[in-house]
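**Student:** Pasting target_8.txt below, which is compact mmCIF, C-alpha atoms.
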```
# COMPACT_ATOMS: atom_id res chain seq x y z
CA TYR A 1 -36.02 13.57 43.18
CA GLN A 2 -38.90 13.15 40.72
CA SER A 3 -41.57 15.71 39.89
CA LYS A 4 -45.30 15.03 39.94
CA ASP A 5 -45.46 14.69 36.15
CA GLY A 6 -42.86 11.92 36.18
CA THR A 7 -39.90 13.92 34.89
CA ALA A 8 -36.55 13.92 36.64
CA PRO A 9 -33.78 16.55 36.57
CA PHE A 10 -30.69 15.65 34.55
CA ASN A 11 -27.29 17.27 34.67
CA GLY A 12 -25.03 15.74 32.03
CA VAL A 13 -24.29 15.29 28.35
CA ILE A 14 -25.99 12.90 25.94
CA ILE A 15 -24.04 12.01 22.82
CA VAL A 16 -25.83 10.67 19.75
CA GLN A 17 -24.76 10.13 16.17
CA ALA A 18 -26.63 10.33 12.89
CA ASN A 19 -25.99 10.66 9.20
CA TRP A 20 -27.03 13.75 7.25
CA GLU A 21 -30.30 12.27 6.02
CA GLU A 22 -31.46 11.37 9.52
CA TRP A 23 -30.27 14.70 10.90
CA ASN A 24 -32.23 16.66 8.30
CA LYS A 25 -35.41 14.69 9.08
CA PHE A 26 -34.94 15.50 12.75
CA CYS A 27 -34.37 19.20 12.07
CA ASN A 28 -37.46 19.45 9.86
CA ASN A 29 -39.72 17.99 12.54
CA ASP A 30 -41.20 20.81 14.65
CA LYS A 31 -41.93 18.38 17.47
CA PHE A 32 -38.23 18.49 18.35
CA LYS A 33 -37.80 22.26 18.13
CA ALA A 34 -37.17 22.68 21.86
CA LEU A 35 -34.71 19.81 21.85
CA ARG A 36 -32.83 21.24 18.86
CA ASP A 37 -32.27 24.48 20.77
CA ARG A 38 -30.42 22.51 23.41
CA MET A 39 -28.21 20.61 20.98
CA CYS A 40 -24.71 21.35 19.80
CA MET A 41 -23.76 19.69 16.52
CA VAL A 42 -20.22 18.38 16.09
CA LYS A 43 -19.40 17.51 12.50
CA MET A 44 -17.33 14.34 12.11
CA PRO A 45 -15.71 13.75 8.71
CA TYR A 46 -15.49 10.41 6.98
CA VAL A 47 -12.28 8.44 7.29
CA LEU A 48 -9.45 9.99 5.27
CA ARG A 49 -6.79 7.33 5.85
CA SER A 50 -6.88 4.25 3.65
CA ASP A 51 -5.55 1.97 6.39
CA ALA A 52 -8.40 2.99 8.69
CA GLU A 53 -10.92 2.46 5.88
CA VAL A 54 -9.49 -1.02 5.28
CA ASN A 55 -10.04 -1.79 8.98
CA VAL A 56 -13.74 -0.99 8.51
CA TYR A 57 -13.95 -3.50 5.65
CA GLN A 58 -12.02 -6.16 7.55
CA ASP A 59 -14.36 -5.87 10.54
CA ALA A 60 -17.41 -6.09 8.28
CA ILE A 61 -16.05 -9.18 6.50
CA ALA A 62 -14.98 -10.89 9.73
CA ASN A 63 -18.51 -10.59 11.11
CA SER A 64 -20.28 -11.87 8.01
CA ASP A 65 -20.64 -14.98 5.86
CA LEU A 66 -17.82 -13.63 3.67
CA SER A 67 -15.14 -14.35 6.25
CA LYS A 68 -14.18 -17.59 4.45
CA ALA A 69 -14.52 -16.23 0.90
CA PRO A 70 -11.31 -15.92 -1.19
CA LEU A 71 -9.86 -12.43 -0.80
CA ALA A 72 -6.80 -11.59 -2.90
CA PRO A 73 -4.05 -9.25 -1.68
CA HIS A 74 -4.43 -5.53 -2.49
CA THR A 75 -8.23 -5.85 -2.89
CA LEU A 76 -9.37 -3.89 0.14
CA THR A 77 -6.58 -1.34 -0.24
CA MET A 78 -7.65 -0.55 -3.79
CA LEU A 79 -11.28 -0.03 -2.77
CA ALA A 80 -10.22 2.05 0.24
CA ASP A 81 -7.99 4.29 -1.89
CA PHE A 82 -10.85 4.98 -4.28
CA VAL A 83 -13.38 5.68 -1.53
CA VAL A 84 -11.02 7.92 0.44
CA ALA A 85 -10.11 9.85 -2.72
CA SER A 86 -13.80 10.55 -3.33
CA ARG A 87 -13.98 12.27 0.06
CA MET A 88 -11.06 14.61 -0.54
CA SER A 89 -11.44 18.20 -1.63
CA ARG A 90 -10.43 19.36 -5.06
CA ALA A 91 -10.95 23.07 -5.70
CA LYS A 92 -11.72 24.24 -9.19
CA GLY A 93 -8.52 24.61 -11.17
CA GLN A 94 -6.41 22.44 -8.88
CA ARG A 95 -4.12 20.01 -10.67
CA PHE A 96 -2.36 17.32 -8.71
CA ASP A 97 -2.01 13.58 -8.35
CA MET A 98 -5.07 12.48 -6.37
CA LEU A 99 -3.64 9.04 -5.65
CA GLN A 100 -0.46 10.64 -4.32
CA LYS A 101 -2.64 12.75 -2.03
CA VAL A 102 -4.37 9.59 -0.77
CA HIS A 103 -1.00 8.01 0.02
CA ALA A 104 0.24 11.18 1.72
CA TYR A 105 -2.82 11.34 3.97
CA ASN A 106 -2.32 7.68 4.81
CA GLY A 107 1.20 8.34 6.05
CA ASP A 108 2.89 6.50 3.19
CA GLU A 109 6.25 7.63 1.90
CA VAL A 110 5.67 9.81 -1.16
CA ASP A 111 7.79 12.15 -3.25
CA ARG A 112 7.95 15.82 -2.38
CA VAL A 113 5.79 18.05 -4.55
CA GLU A 114 6.54 21.28 -6.33
CA LYS A 115 4.95 24.35 -4.78
CA ILE A 116 4.78 27.36 -7.06
CA THR A 117 4.51 30.83 -5.54
CA GLY A 118 4.60 33.61 -8.09
CA ASP A 119 7.74 33.13 -10.15
CA GLU A 120 9.38 30.87 -7.59
CA SER A 121 9.02 27.15 -6.95
CA GLU A 122 10.24 24.78 -4.27
CA LEU A 123 9.89 21.13 -3.32
CA VAL A 124 7.82 20.72 -0.16
CA ASP A 125 6.40 17.95 1.99
CA ALA A 126 3.45 16.39 0.16
CA LEU A 127 1.16 16.03 3.18
CA LYS A 128 1.60 19.64 4.28
CA TYR A 129 1.14 20.83 0.71
CA TYR A 130 -2.16 19.01 0.25
CA LYS A 131 -3.44 19.98 3.70
CA ASP A 132 -2.68 23.64 3.00
CA LEU A 133 -4.46 23.46 -0.36
CA ALA A 134 -7.55 21.95 1.26
CA GLN A 135 -7.71 24.78 3.79
CA THR A 136 -6.83 27.76 1.63
CA LYS A 137 -8.28 27.10 -1.81
CA GLU A 138 -11.52 28.98 -2.26
CA GLY A 139 -14.27 26.75 -3.55
CA ALA A 140 -12.82 23.52 -2.18
CA ASP A 141 -15.23 21.11 -0.51
CA PRO A 142 -14.54 20.43 3.19
CA GLU A 143 -12.28 17.44 3.58
CA GLY A 144 -14.22 14.31 4.48
CA PHE A 145 -17.75 15.73 4.40
CA SER A 146 -18.66 14.60 0.92
CA GLY A 147 -17.91 11.66 -1.32
CA ILE A 148 -18.72 8.00 -0.80
CA SER A 149 -20.13 7.30 2.66
CA THR A 150 -19.11 4.36 4.82
CA ARG A 151 -22.52 2.79 4.23
CA ASP A 152 -22.17 3.09 0.44
CA SER A 153 -18.60 1.80 0.52
CA LEU A 154 -19.82 -1.33 2.31
CA LYS A 155 -22.47 -1.73 -0.37
CA LEU A 156 -19.68 -1.54 -2.96
CA LEU A 157 -17.80 -4.20 -1.03
CA GLY A 158 -20.88 -6.42 -1.22
CA ARG A 159 -21.14 -5.85 -4.98
CA ILE A 160 -17.51 -6.85 -5.37
CA PHE A 161 -17.88 -10.12 -3.47
CA ASN A 162 -21.12 -10.98 -5.28
CA ALA A 163 -19.82 -10.21 -8.78
CA ASN A 164 -18.97 -13.89 -9.22
CA ALA A 165 -22.28 -15.70 -9.66
CA VAL A 166 -20.73 -19.07 -8.76
CA ALA A 167 -19.31 -18.24 -5.32
CA PRO A 168 -18.37 -15.07 -3.41
CA GLU A 169 -14.80 -13.90 -3.93
CA ALA A 170 -12.92 -10.63 -4.26
CA ASP A 171 -9.80 -9.52 -6.07
CA PRO A 172 -8.49 -6.21 -7.46
CA LEU A 173 -9.70 -7.00 -10.98
CA ILE A 174 -13.26 -7.36 -9.72
CA VAL A 175 -12.79 -4.11 -7.79
CA LEU A 176 -11.77 -2.32 -11.00
CA GLU A 177 -14.79 -3.68 -12.88
CA THR A 178 -17.16 -2.75 -10.05
CA LEU A 179 -15.74 0.76 -9.71
CA GLU A 180 -16.02 1.31 -13.47
CA ALA A 181 -19.69 0.31 -13.35
CA PHE A 182 -20.31 2.42 -10.24
CA THR A 183 -18.64 5.44 -11.83
CA SER A 184 -20.71 5.08 -15.00
CA GLU A 185 -23.85 5.27 -12.86
CA GLN A 186 -22.97 8.77 -11.64
CA LYS A 187 -24.78 11.73 -13.22
CA ASN A 188 -22.12 14.39 -12.63
CA THR A 189 -19.89 14.46 -15.73
CA ASN A 190 -16.92 16.10 -14.00
CA LEU A 191 -17.10 13.58 -11.19
CA LYS A 192 -17.25 10.70 -13.65
CA ASN A 193 -14.15 11.97 -15.45
CA GLN A 194 -12.25 12.38 -12.18
CA TRP A 195 -13.17 8.90 -11.02
CA HIS A 196 -12.36 7.29 -14.37
CA ASN A 197 -8.90 8.90 -14.21
CA LEU A 198 -8.50 7.66 -10.65
CA ILE A 199 -9.44 4.12 -11.69
CA THR A 200 -6.77 4.26 -14.41
CA GLN A 201 -4.21 5.25 -11.77
CA LEU A 202 -5.34 2.45 -9.48
CA LYS A 203 -5.02 -0.05 -12.31
CA ASP A 204 -1.48 1.09 -13.13
CA GLU A 205 -0.48 0.97 -9.47
CA TYR A 206 -1.96 -2.50 -9.08
CA ARG A 207 -0.03 -3.77 -12.08
CA LYS A 208 3.20 -2.75 -10.33
CA LYS A 209 2.16 -4.44 -7.09
CA LEU A 210 1.14 -7.57 -8.97
CA GLU A 211 4.44 -7.64 -10.85
CA HIS A 212 6.26 -7.62 -7.52
CA ASP A 213 4.08 -10.45 -6.20
CA LEU A 214 4.69 -12.53 -9.32
CA LYS A 215 8.43 -11.91 -9.37
CA THR A 216 8.92 -12.74 -5.71
CA ALA A 217 6.79 -15.87 -6.10
CA CYS A 218 9.16 -17.02 -8.85
CA VAL A 219 12.02 -17.08 -6.33
CA PRO A 220 11.55 -20.14 -4.09
CA GLY A 221 12.07 -19.10 -0.48
CA TYR A 222 12.23 -15.42 -1.46
CA GLU A 223 12.34 -14.18 2.14
CA ALA A 224 15.01 -16.69 3.19
CA VAL A 225 17.13 -15.95 0.11
CA GLY A 226 16.94 -12.21 0.76
CA GLN A 227 17.87 -12.62 4.42
CA GLU A 228 20.81 -14.84 3.48
CA GLU A 229 22.13 -12.21 1.08
CA TYR A 230 21.81 -9.52 3.75
CA ASP A 231 23.58 -11.64 6.36
CA LYS A 232 26.43 -12.33 3.95
CA TYR A 233 26.76 -8.65 3.16
CA VAL A 234 27.14 -7.54 6.78
CA ASN A 235 29.34 -10.53 7.66
CA TYR A 236 31.69 -9.68 4.80
CA LEU A 237 31.77 -6.04 5.89
CA ASN A 238 32.54 -7.08 9.45
CA HIS A 239 35.36 -9.40 8.36
CA LEU A 240 37.01 -6.75 6.18
CA GLU A 241 36.76 -4.27 9.05
CA GLU A 242 38.09 -6.52 11.82
CA ARG A 243 40.49 -8.76 9.87
CA PRO A 244 41.69 -6.84 6.82
CA GLY A 245 43.89 -8.92 4.54
CA GLU A 246 42.86 -12.26 6.10
CA MET A 247 40.98 -15.08 4.39
CA TYR A 248 37.29 -15.40 5.24
CA LYS A 249 36.12 -18.81 6.43
CA ASP A 250 32.55 -19.94 7.04
CA GLY A 251 32.21 -23.70 7.29
CA GLU A 252 33.64 -25.12 4.07
CA THR A 253 33.55 -21.71 2.37
CA THR A 254 36.82 -19.81 2.06
CA LYS A 255 37.11 -16.45 0.32
CA SER A 256 39.89 -13.96 -0.15
CA PRO A 257 39.44 -10.27 0.72
CA GLU A 258 39.31 -9.56 -3.02
CA GLU A 259 36.47 -12.06 -3.47
CA LEU A 260 34.57 -10.53 -0.57
CA GLU A 261 34.97 -7.07 -2.05
CA LYS A 262 33.74 -8.33 -5.40
CA GLU A 263 30.58 -9.81 -3.86
CA LEU A 264 29.94 -6.63 -1.88
CA ARG A 265 30.22 -4.54 -5.00
CA ASP A 266 27.92 -6.94 -6.83
CA ILE A 267 25.15 -6.08 -4.37
CA GLU A 268 26.09 -2.41 -4.14
CA SER A 269 25.87 -2.00 -7.90
CA HIS A 270 22.08 -2.14 -7.43
CA ILE A 271 21.95 0.67 -4.84
CA GLN A 272 20.61 3.51 -6.94
CA ILE A 273 21.06 6.33 -4.43
CA MET A 274 24.78 5.61 -4.07
CA GLN A 275 25.73 5.47 -7.73
CA GLY A 276 28.37 8.05 -8.60
CA LYS A 277 29.33 8.63 -4.96
CA LYS A 278 32.93 9.16 -3.88
CA PRO A 279 34.96 6.46 -2.04
CA ASP A 280 34.64 8.32 1.27
CA GLU A 281 30.86 8.34 0.90
CA TRP A 282 30.80 4.61 0.17
CA LYS A 283 32.98 3.99 3.22
CA ALA A 284 30.58 6.00 5.38
CA PHE A 285 27.60 4.12 3.92
CA ARG A 286 29.14 0.75 4.72
CA GLY A 287 30.21 1.91 8.16
CA THR A 288 26.71 3.07 9.06
CA ILE A 289 25.15 -0.24 8.03
CA LEU A 290 27.75 -2.28 9.92
CA GLN A 291 27.56 -0.19 13.10
CA ASN A 292 23.76 -0.37 13.17
CA GLU A 293 23.87 -4.13 12.59
CA LEU A 294 26.44 -4.79 15.33
CA ARG A 295 24.53 -2.56 17.75
CA TYR A 296 21.34 -4.48 16.99
CA ARG A 297 23.03 -7.85 17.52
CA SER A 298 24.51 -6.76 20.85
CA VAL A 299 21.06 -6.15 22.35
CA ASN A 300 19.21 -8.98 20.56
CA SER A 301 21.24 -12.07 21.47
CA GLN A 302 23.30 -11.79 18.27
CA ALA A 303 20.21 -12.11 16.08
CA HIS A 304 20.55 -10.39 12.72
CA LYS A 305 18.35 -7.50 11.63
CA GLY A 306 15.69 -8.22 9.05
CA TRP A 307 16.89 -7.71 5.49
CA LYS A 308 14.11 -5.21 4.77
CA THR A 309 15.08 -2.82 7.56
CA VAL A 310 17.59 -0.91 5.41
CA PRO A 311 15.53 0.31 2.42
CA ALA A 312 18.45 1.03 0.08
CA LEU A 313 20.09 -2.32 0.78
CA PHE A 314 16.78 -4.18 0.63
CA GLN A 315 16.05 -2.79 -2.83
CA ALA A 316 19.56 -3.69 -3.98
CA ILE A 317 19.35 -7.27 -2.73
CA GLU A 318 15.89 -7.69 -4.20
CA SER A 319 17.10 -6.41 -7.57
CA LYS A 320 19.87 -9.00 -7.45
CA ILE A 321 17.75 -12.03 -6.56
CA LEU A 322 14.66 -11.31 -8.66
CA MET A 323 14.43 -12.72 -12.16
CA THR A 324 14.23 -10.80 -15.38
CA ASP A 325 10.81 -10.26 -16.96
CA LYS A 326 11.58 -12.90 -19.57
CA GLU A 327 12.56 -15.51 -16.97
CA MET A 328 9.49 -14.71 -14.90
CA GLU A 329 7.12 -15.02 -17.85
CA SER A 330 8.55 -18.40 -18.82
CA ILE A 331 7.72 -19.73 -15.35
CA ILE A 332 4.25 -18.19 -15.24
CA ARG A 333 3.18 -19.32 -18.70
CA GLN A 334 4.16 -23.00 -18.36
CA GLY A 335 2.80 -24.12 -21.74
CA ALA A 336 1.96 -27.63 -22.86
CA ASP A 337 5.51 -28.08 -24.20
CA ALA A 338 7.13 -27.23 -20.85
CA THR A 339 9.89 -29.48 -19.58
CA ASN A 340 9.65 -31.37 -16.31
CA GLU A 341 11.85 -28.71 -14.75
CA GLY A 342 9.57 -25.97 -16.10
CA ILE A 343 6.48 -27.71 -14.73
CA ALA A 344 8.13 -28.07 -11.33
CA ARG A 345 9.10 -24.39 -11.24
CA HIS A 346 5.57 -23.36 -12.22
CA LYS A 347 4.13 -25.56 -9.48
CA LYS A 348 6.45 -23.94 -6.94
CA PHE A 349 5.43 -20.51 -8.23
CA VAL A 350 1.74 -21.32 -7.66
CA GLU A 351 2.52 -22.57 -4.15
CA GLU A 352 4.30 -19.31 -3.34
CA MET A 353 1.34 -17.29 -4.64
CA LEU A 354 -1.05 -19.32 -2.49
CA LEU A 355 1.09 -18.49 0.53
CA LYS A 356 0.70 -14.80 -0.31
CA GLY A 357 -3.08 -15.13 0.02
CA TYR A 358 -4.24 -15.78 -3.54
CA SER A 359 -6.64 -18.61 -4.33
CA GLN A 360 -5.81 -21.10 -7.09
CA ARG A 361 -8.27 -19.39 -9.42
CA GLN A 362 -6.95 -15.94 -8.57
CA VAL A 363 -3.38 -17.00 -9.32
CA HIS A 364 -4.25 -17.91 -12.91
CA LYS A 365 -6.61 -14.96 -13.32
CA THR A 366 -4.07 -12.35 -12.20
CA ALA A 367 -1.29 -14.01 -14.19
CA ARG A 368 -3.38 -13.77 -17.37
CA PHE A 369 -4.07 -10.12 -16.61
CA PHE A 370 -0.39 -9.35 -16.12
CA LEU A 371 0.63 -11.18 -19.29
CA GLY A 372 -1.84 -9.12 -21.29
CA ASN A 373 -4.69 -11.60 -21.52
CA GLU A 374 -7.51 -9.80 -19.72
CA PRO A 375 -9.64 -12.40 -17.88
CA LYS A 376 -13.30 -12.53 -18.78
```
Turn the structure described in the file into structure tokens.

**Tutor:**
Amino acid sequence: YQSKDGTAPFNGVIIVQANWEEWNKFCNNDKFKALRDRMCMVKMPYVLRSDAEVNVYQDAIANSDLSKAPLAPHTLTMLADFVVASRMSRAKGQRFDMLQKVHAYNGDEVDRVEKITGDESELVDALKYYKDLAQTKEGADPEGFSGISTRDSLKLLGRIFNANAVAPEADPLIVLETLEAFTSEQKNTNLKNQWHNLITQLKDEYRKKLEHDLKTACVPGYEAVGQEEYDKYVNYLNHLEERPGEMYKDGETTKSPEELEKELRDIESHIQIMQGKKPDEWKAFRGTILQNELRYRSVNSQAHKGWKTVPALFQAIESKILMTDKEMESIIRQGADATNEGIARHKKFVEEMLLKGYSQRQVHKTARFFLGNEPK
């Protein structure tokens, strides 16, 4: 049916989206007064999970000329953490770790936080604690309705890639420089102080991530070495459980039960959470690992579990196979007086870093940063 004036009846819902600036223009236009009376506004907050924010950047990059530009690990995560933090509420007088809040909202594993009620205090789940603060603290901004918009965050991403006048590229050090400049442009003094503190936190966190990248790159075949150590650990446990007192044989390798126990303890000495535990607790710890491993093999054609699937054991194995800071620095520096062996190890280190996603230039740039020589 259609009326004489050309209009047609409609029974349904029309969904539209707009940012605040466009919405305010619409509301201030009297031509749309009748239409406004028939509208129901649903407020949608900005993204508050870093992983989701990173997905926005990845989609934007993939559909642009920047898809082939060098992009170092941790770059997008650092920008996302900063942007998401800017959108989170912070009531006057609140004191907490903003970066920890970002990680909690993202679903990352974070330490429990101390909640003080009157004269009592208790350790509580970080995510629940921060969510409760956002809802109950008087004067707090609504979560996700202020801060850096998606549009502005993409502009920041463009500034980061275009910071190098020679060719587009992005790495965490450029992110830090860009965020410092962006923060200095803000007029709100309190906001500038908060963001400068956040940038300091991001820089410290990145240094730890970079240290891990550098250390693992100094171990040729890091993943394979770690898996081999894990496989040996569970195989030794299984042998001692099924054939106590018997010699262990694997190809040309023969070990006594005492030697197996010594190697097990060598790895276990790096398990922080088990230090000082009683023998019964160690036995239960070993038993749990072995049972889970054998159960996994039984349903996966005898394939071994990945060495990173048991966090405590993964950290222990990694502590064992990674080099000391001094050993790592000697490989990274590779001065003019380096031996042939040193040059070969440095070359292998660079190859491992390239496999992680760094460009040749970014390898040397980040290494200089870590060693204390800030790149220009």

**Student:** So which residues are close to (20.8, -14.7, 9.9), meaning at most 8 Å away in the file's coordinates with all atoms listed in the file counted, and can you show them as JSON, numbers by chain?

**Tutor:** {"A": [227, 228, 231, 303, 304, 305]}

**Student:** Between CA of Glu351 in chain A and CA of Ser330 in chain A, measure the distance and give it in Å to one decimal.

**Tutor:** 16.4 Å

**Student:** Calculated over only C-alpha atoms, which of the candidates A:Val102, A:Met41, A:Met323, A:Val363 has the smallest distance to Tyr222 in chain A?

**Tutor:** A:Met323

**Student:** Under the rule that all atoms listed in the file are counted, which of A:Met328, A:Ala126, A:Ala316, A:Leu79 is the nearest residue to Leu156 in chain A?

**Tutor:**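 Closest to Leu156 in chain A of all the choices is A:Leu79.
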
**Student:** Do a neighbour search on Phe370 in chain A at 9 Å with all atoms listed in the file, toss out local chain neighbours closer than 4 positions, and write the hits as a ChimeraX atom specification.

**Tutor:** /A:207,210-211,365-366,374

**Student:** Rounded to one decimal in Å, what is the spacing between CA of Lys283 in chain A and CA of Ser301 in chain A?

**Tutor:**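 Value for the CA of Lys283 in chain A-CA of Ser301 in chain A distance: 27.0 Å.
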
**Student:** Could you jot down the CA of Ala85 in chain A to CA of Ile61 in chain A separation for me, Å, one decimal place?

**Tutor:** 22.0 Å

**Student:** Find the residues around Met274 in chain A up to 12 Å (all atoms listed in the file counted), leave out those fewer than 3 positions away in its own chain, and share them as a list in words.

**Tutor:**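 Answer for this query is Arg265, Ile267, Glu268, Ser269, His270, Ile271, Lys277, Lys278, Pro279, Asp280, Glu281, Trp282, Lys283, Ala284, Phe285, Arg286, Ala312, Leu313 and Ala316 of chain A.
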
**Student:** Rank nothing, just name the residue among A:Pro257, A:Gly251, A:Pro220, A:Pro70 nearest to Pro168 in chain A, using only C-alpha atoms.

**Tutor:**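 Nearest candidate to Pro168 in chain A out of A:Pro257, A:Gly251, A:Pro220, A:Pro70: A:Pro70.
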
**Student:** Between A:Lys33, A:His346, A:Arg368, A:Lys232, single out the one closest to Ile317 in chain A, counting all atoms listed in the file.

**Tutor:**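 Closest to Ile317 in chain A, using all atoms listed in the file: A:Lys232.
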
**Student:** Near Lys203 in chain A, within 9 Å and counting all atoms listed in the file, which residues show up once chain neighbours fewer than 5 positions away are dropped, as a list in words?

**Tutor:** Met78, Pro172, Leu173, Leu176, Leu198 and Lys208 of chain A
